[in-house]
Amino acid sequence: FEVVVDDREVAAGRVNVESGVVRMHDELSTASREREQESAVSFARALWNAIRFPLEGSGLVWFAAVVTLMVVFPFRRPLSMQSLDVLVMVSLFPLSLVVWQHTLHTYVMLFILSAYLLCRCLHRSFRRSANIEPPNLHTAALLGALVIVFAAHVQAIFTRGPDDSGIWTVFGGQYVWEQGQLPYGQIGEGGTYGPVLYAIAAPLTHVAPPTASVGEQGEHMLVTMHNFEEVGYRDCDFLPAKILALAFDIALLLGLVIIGRQESSWDVGLAMALVYAVNGLTIQRDLLFVSHLAPTACVILANAARRMPALSGILLALGAGVLFWPAFLIPTWLAYFASRGRAALVRTSIAIAVVGVTTIAAVHQY
């Protein structure tokens with residue numbers, strides 16, 4: 001943890017969640033180290049600090065709002081319901097900045113605004129003649145903007161440490177690779193994610209293991225759950241978690257582009273991906289959490305693959321094997337494919353059942 005006053009760190013330390021022991025870093029050495037780093041920074045580093053993308057704060061909120069309005073706000077019909085939809089969506093962006101100071105009010109607003117957007121989605125889904133409005137920007141501009149924002153995603157993932165889900169995914173993957181068993185009950189209270197996520201992370205922890213710099217020579221040592229607290233979170237590089245976050249982020253973006261192309265055009269697909277990518281909540285929070293990105297990417301890809309019932313069912317079931325909540329979408333998936341005929345329903349059902357039974361058997365065995 002860190003104690004920050006006026007953007008300056010005044011104290012920092014570590015807490016052992018099992019023993020309750022609190023270890024404080026030396027305040028004076030921390031402050032002096034920061035001063036030395038500031039004075040020794042090179043011109044290139046200073047220039048990078050000046051131009052790097054704002055990953056948090058009001059600057060990110062305004063950037064996300066401006067880009068979203070430029071892409072999807074119907075300026076030719078400013079009094080339409082679509083205008084209200086876009087404004088409601090944009091109003092969600094600053095909530096992440098105030099959630100810790102005003103938790104109750106933030107969540108009340110979040111649920112109210114999300115409920116409105118859900119009702120609007122349901123309303124439009126029953127209007128068969130409802131047309132999808134084309135975005136305000138053309139293909140080249142949309143693609144260029146998406147590339148720029150994706151570069152911000154890469155910066156957000158690789159210049160910040162992952163949150164707890166990424167850390168424990170790495171430790172769980174290490175355990176699977178070393179022991180050949182799932183880590184439930186073996187790696188502490190953080191080992192609660194789905195077996196599919198641990199299985200995906202396992203080879204990554206072997207190929208690109210988490211490391212930490214030690215000693216004056218900057219030598220690297222392997223980080224495990226046994227020496228993690230001794231090394232300290234801020235000195236660790238959880239590269240497997242960052243690679244996973246980037247991979248699932250790319251999958252999610254590609255899935256949105258494909259869905260938009262299926263429903264309307266490439267421009268709509270690029271606009272959908274851009275609105276998601278530029279969202280302040282995505283950049284500030286979700287890119288830190290492998291557990292946010294992984295199941296969502298599976299569901300988006302399952303939606304994009306809905307013209308291939310078996311593949312769609314496999315992807316949805318894998319999402320449930322990553323984190324449980326996609327399992328609640330299985331009845332909706334079955335109902336959709338039932339409307340497309342018995343053959344589509346059977347293929348989807350078999351695919352979901354095979355992946356589901358395999359996952360449950362793996363959990364039961366270990």
# chains A, B, ... in the order shown; residues from 1 in each chain; ligands from 1
>>> select_by_dssp(residues="region 36-261 of chain A", states="strand (DSSP E or B)", output="count of residues only")
10
>>> residues_around(residues="region 74-83 of chain A", least_positions_apart="4", cutoff="9 Å", atoms="only C-alpha atoms", output="number ranges by chain")
A: 69-70, 87-88, 133, 135-136
>>> residues_around(residues="Gly172 (chain A)", least_positions_apart="5", cutoff="12 Å", atoms="only C-alpha atoms", output="PDB file with C-alpha atoms, in the first residue's frame")
ATOM      1  CA  ASP A 164      -4.706  -9.201  -7.633  1.00  0.00           C
ATOM      2  CA  SER A 165      -6.463 -11.330 -10.268  1.00  0.00           C
ATOM      3  CA  GLY A 166      -3.405 -11.220 -12.524  1.00  0.00           C
ATOM      4  CA  ILE A 167      -1.030 -12.015  -9.667  1.00  0.00           C
ATOM      5  CA  TRP A 177       2.807 -26.277 -14.471  1.00  0.00           C
ATOM      6  CA  GLU A 178       4.938 -27.558 -11.598  1.00  0.00           C
ATOM      7  CA  GLN A 179       2.506 -29.936  -9.914  1.00  0.00           C
ATOM      8  CA  GLY A 180       0.208 -30.942 -12.760  1.00  0.00           C
ATOM      9  CA  GLN A 181      -2.795 -30.203 -10.552  1.00  0.00           C
ATOM     10  CA  LEU A 182      -5.231 -27.362 -10.088  1.00  0.00           C
ATOM     11  CA  PRO A 183      -4.229 -24.950  -7.307  1.00  0.00           C
ATOM     12  CA  TYR A 184      -7.443 -24.890  -5.286  1.00  0.00           C
ATOM     13  CA  GLY A 185      -6.649 -24.855  -1.577  1.00  0.00           C
ATOM     14  CA  GLN A 186      -2.914 -24.783  -2.266  1.00  0.00           C
ATOM     15  CA  ILE A 187      -1.967 -21.160  -3.032  1.00  0.00           C
ATOM     16  CA  GLY A 188      -4.050 -19.217  -0.522  1.00  0.00           C
ATOM     17  CA  GLU A 189      -7.220 -17.209  -0.701  1.00  0.00           C
ATOM     18  CA  GLY A 190      -6.421 -15.807  -4.151  1.00  0.00           C
ATOM     19  CA  GLY A 191      -6.675 -19.186  -5.897  1.00  0.00           C
ATOM     20  CA  THR A 192     -10.361 -18.963  -6.791  1.00  0.00           C
ATOM     21  CA  TYR A 193     -10.432 -18.472 -10.566  1.00  0.00           C
ATOM     22  CA  GLY A 194     -11.630 -20.934 -13.172  1.00  0.00           C
ATOM     23  CA  PRO A 195      -9.518 -23.939 -14.209  1.00  0.00           C
ATOM     24  CA  VAL A 196      -9.420 -22.822 -17.849  1.00  0.00           C
ATOM     25  CA  LEU A 197      -7.700 -19.574 -16.866  1.00  0.00           C
ATOM     26  CA  TYR A 198      -5.052 -21.442 -14.869  1.00  0.00           C
ATOM     27  CA  ALA A 199      -4.537 -23.890 -17.745  1.00  0.00           C
ATOM     28  CA  ILE A 200      -3.970 -21.010 -20.182  1.00  0.00           C
ATOM     29  CA  ALA A 201      -1.590 -19.250 -17.789  1.00  0.00           C
ATOM     30  CA  ALA A 202       0.477 -22.357 -16.961  1.00  0.00           C
ATOM     31  CA  PRO A 203       2.716 -22.492 -20.072  1.00  0.00           C
ATOM     32  CA  LEU A 204       3.186 -18.716 -19.983  1.00  0.00           C
ATOM     33  CA  THR A 205       4.573 -18.880 -16.454  1.00  0.00           C
ATOM     34  CA  THR A 224       6.797 -17.287  -6.639  1.00  0.00           C
ATOM     35  CA  MET A 225       4.046 -17.195  -4.066  1.00  0.00           C
ATOM     36  CA  PRO A 240       2.592 -13.613 -17.833  1.00  0.00           C
ATOM     37  CA  ALA A 241      -0.355 -11.612 -16.477  1.00  0.00           C
TER      38      ALA A 241
END
>>> residues_around(residues="Leu222 (chain A)", least_positions_apart="6", cutoff="12 Å", atoms="only C-alpha atoms", output="VMD selection string")
chain A and resid 171 174 205 to 206 208 to 214 228 231 235 to 239
>>> residues_around(residues="region 336-343 of chain A", least_positions_apart="6", cutoff="10 Å", atoms="only C-alpha atoms", output="PDB file with all heavy atoms, in the first residue's frame")
ATOM      1  N   ARG A 306     -21.504 -16.848 -33.766  1.00  0.00           N
ATOM      2  CA  ARG A 306     -22.850 -17.422 -33.658  1.00  0.00           C
ATOM      3  C   ARG A 306     -23.325 -18.068 -34.956  1.00  0.00           C
ATOM      4  O   ARG A 306     -24.304 -18.830 -34.939  1.00  0.00           O
ATOM      5  CB  ARG A 306     -23.845 -16.356 -33.206  1.00  0.00           C
ATOM      6  CG  ARG A 306     -24.021 -15.203 -34.162  1.00  0.00           C
ATOM      7  CD  ARG A 306     -24.845 -14.087 -33.498  1.00  0.00           C
ATOM      8  NE  ARG A 306     -25.093 -12.978 -34.407  1.00  0.00           N
ATOM      9  CZ  ARG A 306     -24.232 -12.003 -34.653  1.00  0.00           C
ATOM     10  NH1 ARG A 306     -23.043 -12.030 -34.052  1.00  0.00           N
ATOM     11  NH2 ARG A 306     -24.528 -11.027 -35.484  1.00  0.00           N
ATOM     12  N   ARG A 307     -22.688 -17.784 -36.084  1.00  0.00           N
ATOM     13  CA  ARG A 307     -23.039 -18.463 -37.327  1.00  0.00           C
ATOM     14  C   ARG A 307     -22.442 -19.861 -37.403  1.00  0.00           C
ATOM     15  O   ARG A 307     -22.731 -20.616 -38.339  1.00  0.00           O
ATOM     16  CB  ARG A 307     -22.572 -17.625 -38.516  1.00  0.00           C
ATOM     17  CG  ARG A 307     -23.269 -16.270 -38.595  1.00  0.00           C
ATOM     18  CD  ARG A 307     -22.771 -15.431 -39.749  1.00  0.00           C
ATOM     19  NE  ARG A 307     -23.441 -14.124 -39.771  1.00  0.00           N
ATOM     20  CZ  ARG A 307     -23.182 -13.152 -40.646  1.00  0.00           C
ATOM     21  NH1 ARG A 307     -22.258 -13.364 -41.591  1.00  0.00           N
ATOM     22  NH2 ARG A 307     -23.817 -12.003 -40.591  1.00  0.00           N
ATOM     23  N   PRO A 309     -22.515 -22.750 -34.801  1.00  0.00           N
ATOM     24  CA  PRO A 309     -23.072 -23.111 -33.478  1.00  0.00           C
ATOM     25  C   PRO A 309     -22.107 -23.853 -32.568  1.00  0.00           C
ATOM     26  O   PRO A 309     -22.022 -23.543 -31.373  1.00  0.00           O
ATOM     27  CB  PRO A 309     -24.277 -23.984 -33.847  1.00  0.00           C
ATOM     28  CG  PRO A 309     -24.668 -23.539 -35.219  1.00  0.00           C
ATOM     29  CD  PRO A 309     -23.379 -23.173 -35.901  1.00  0.00           C
ATOM     30  N   GLY A 313     -20.672 -22.391 -29.013  1.00  0.00           N
ATOM     31  CA  GLY A 313     -20.895 -23.086 -27.748  1.00  0.00           C
ATOM     32  C   GLY A 313     -19.604 -23.369 -27.008  1.00  0.00           C
ATOM     33  O   GLY A 313     -19.531 -23.230 -25.779  1.00  0.00           O
ATOM     34  N   ILE A 330     -25.960 -19.369 -20.821  1.00  0.00           N
ATOM     35  CA  ILE A 330     -26.215 -20.607 -21.568  1.00  0.00           C
ATOM     36  C   ILE A 330     -27.687 -20.741 -21.976  1.00  0.00           C
ATOM     37  O   ILE A 330     -27.971 -21.087 -23.139  1.00  0.00           O
ATOM     38  CB  ILE A 330     -25.735 -21.830 -20.761  1.00  0.00           C
ATOM     39  CG1 ILE A 330     -24.197 -21.806 -20.674  1.00  0.00           C
ATOM     40  CG2 ILE A 330     -26.215 -23.127 -21.398  1.00  0.00           C
ATOM     41  CD1 ILE A 330     -23.610 -22.929 -19.839  1.00  0.00           C
ATOM     42  N   SER A 349     -25.487 -27.452 -28.051  1.00  0.00           N
ATOM     43  CA  SER A 349     -25.675 -28.152 -26.783  1.00  0.00           C
ATOM     44  C   SER A 349     -24.551 -29.147 -26.528  1.00  0.00           C
ATOM     45  O   SER A 349     -24.024 -29.247 -25.417  1.00  0.00           O
ATOM     46  CB  SER A 349     -27.035 -28.863 -26.775  1.00  0.00           C
ATOM     47  OG  SER A 349     -28.095 -27.950 -26.947  1.00  0.00           O
TER      48      SER A 349
END
>>> residues_around(residues="region 315-326 of chain A", least_positions_apart="3", cutoff="9 Å", atoms="only C-alpha atoms", output="MDAnalysis selection string")
chainID A and resid 193:198 291:292 294:303 305 310:312 329:330 333 351:356 359:360
>>> select_by_dssp(residues="region 234-279 of chain A", states="alpha helix (DSSP H)", output="PyMOL selection string")
chain A and resi 239-263+266-278
>>> atom_distance(atom1="CA of Tyr276 (chain A)", atom2="CA of Gly161 (chain A)")
21.7 Å
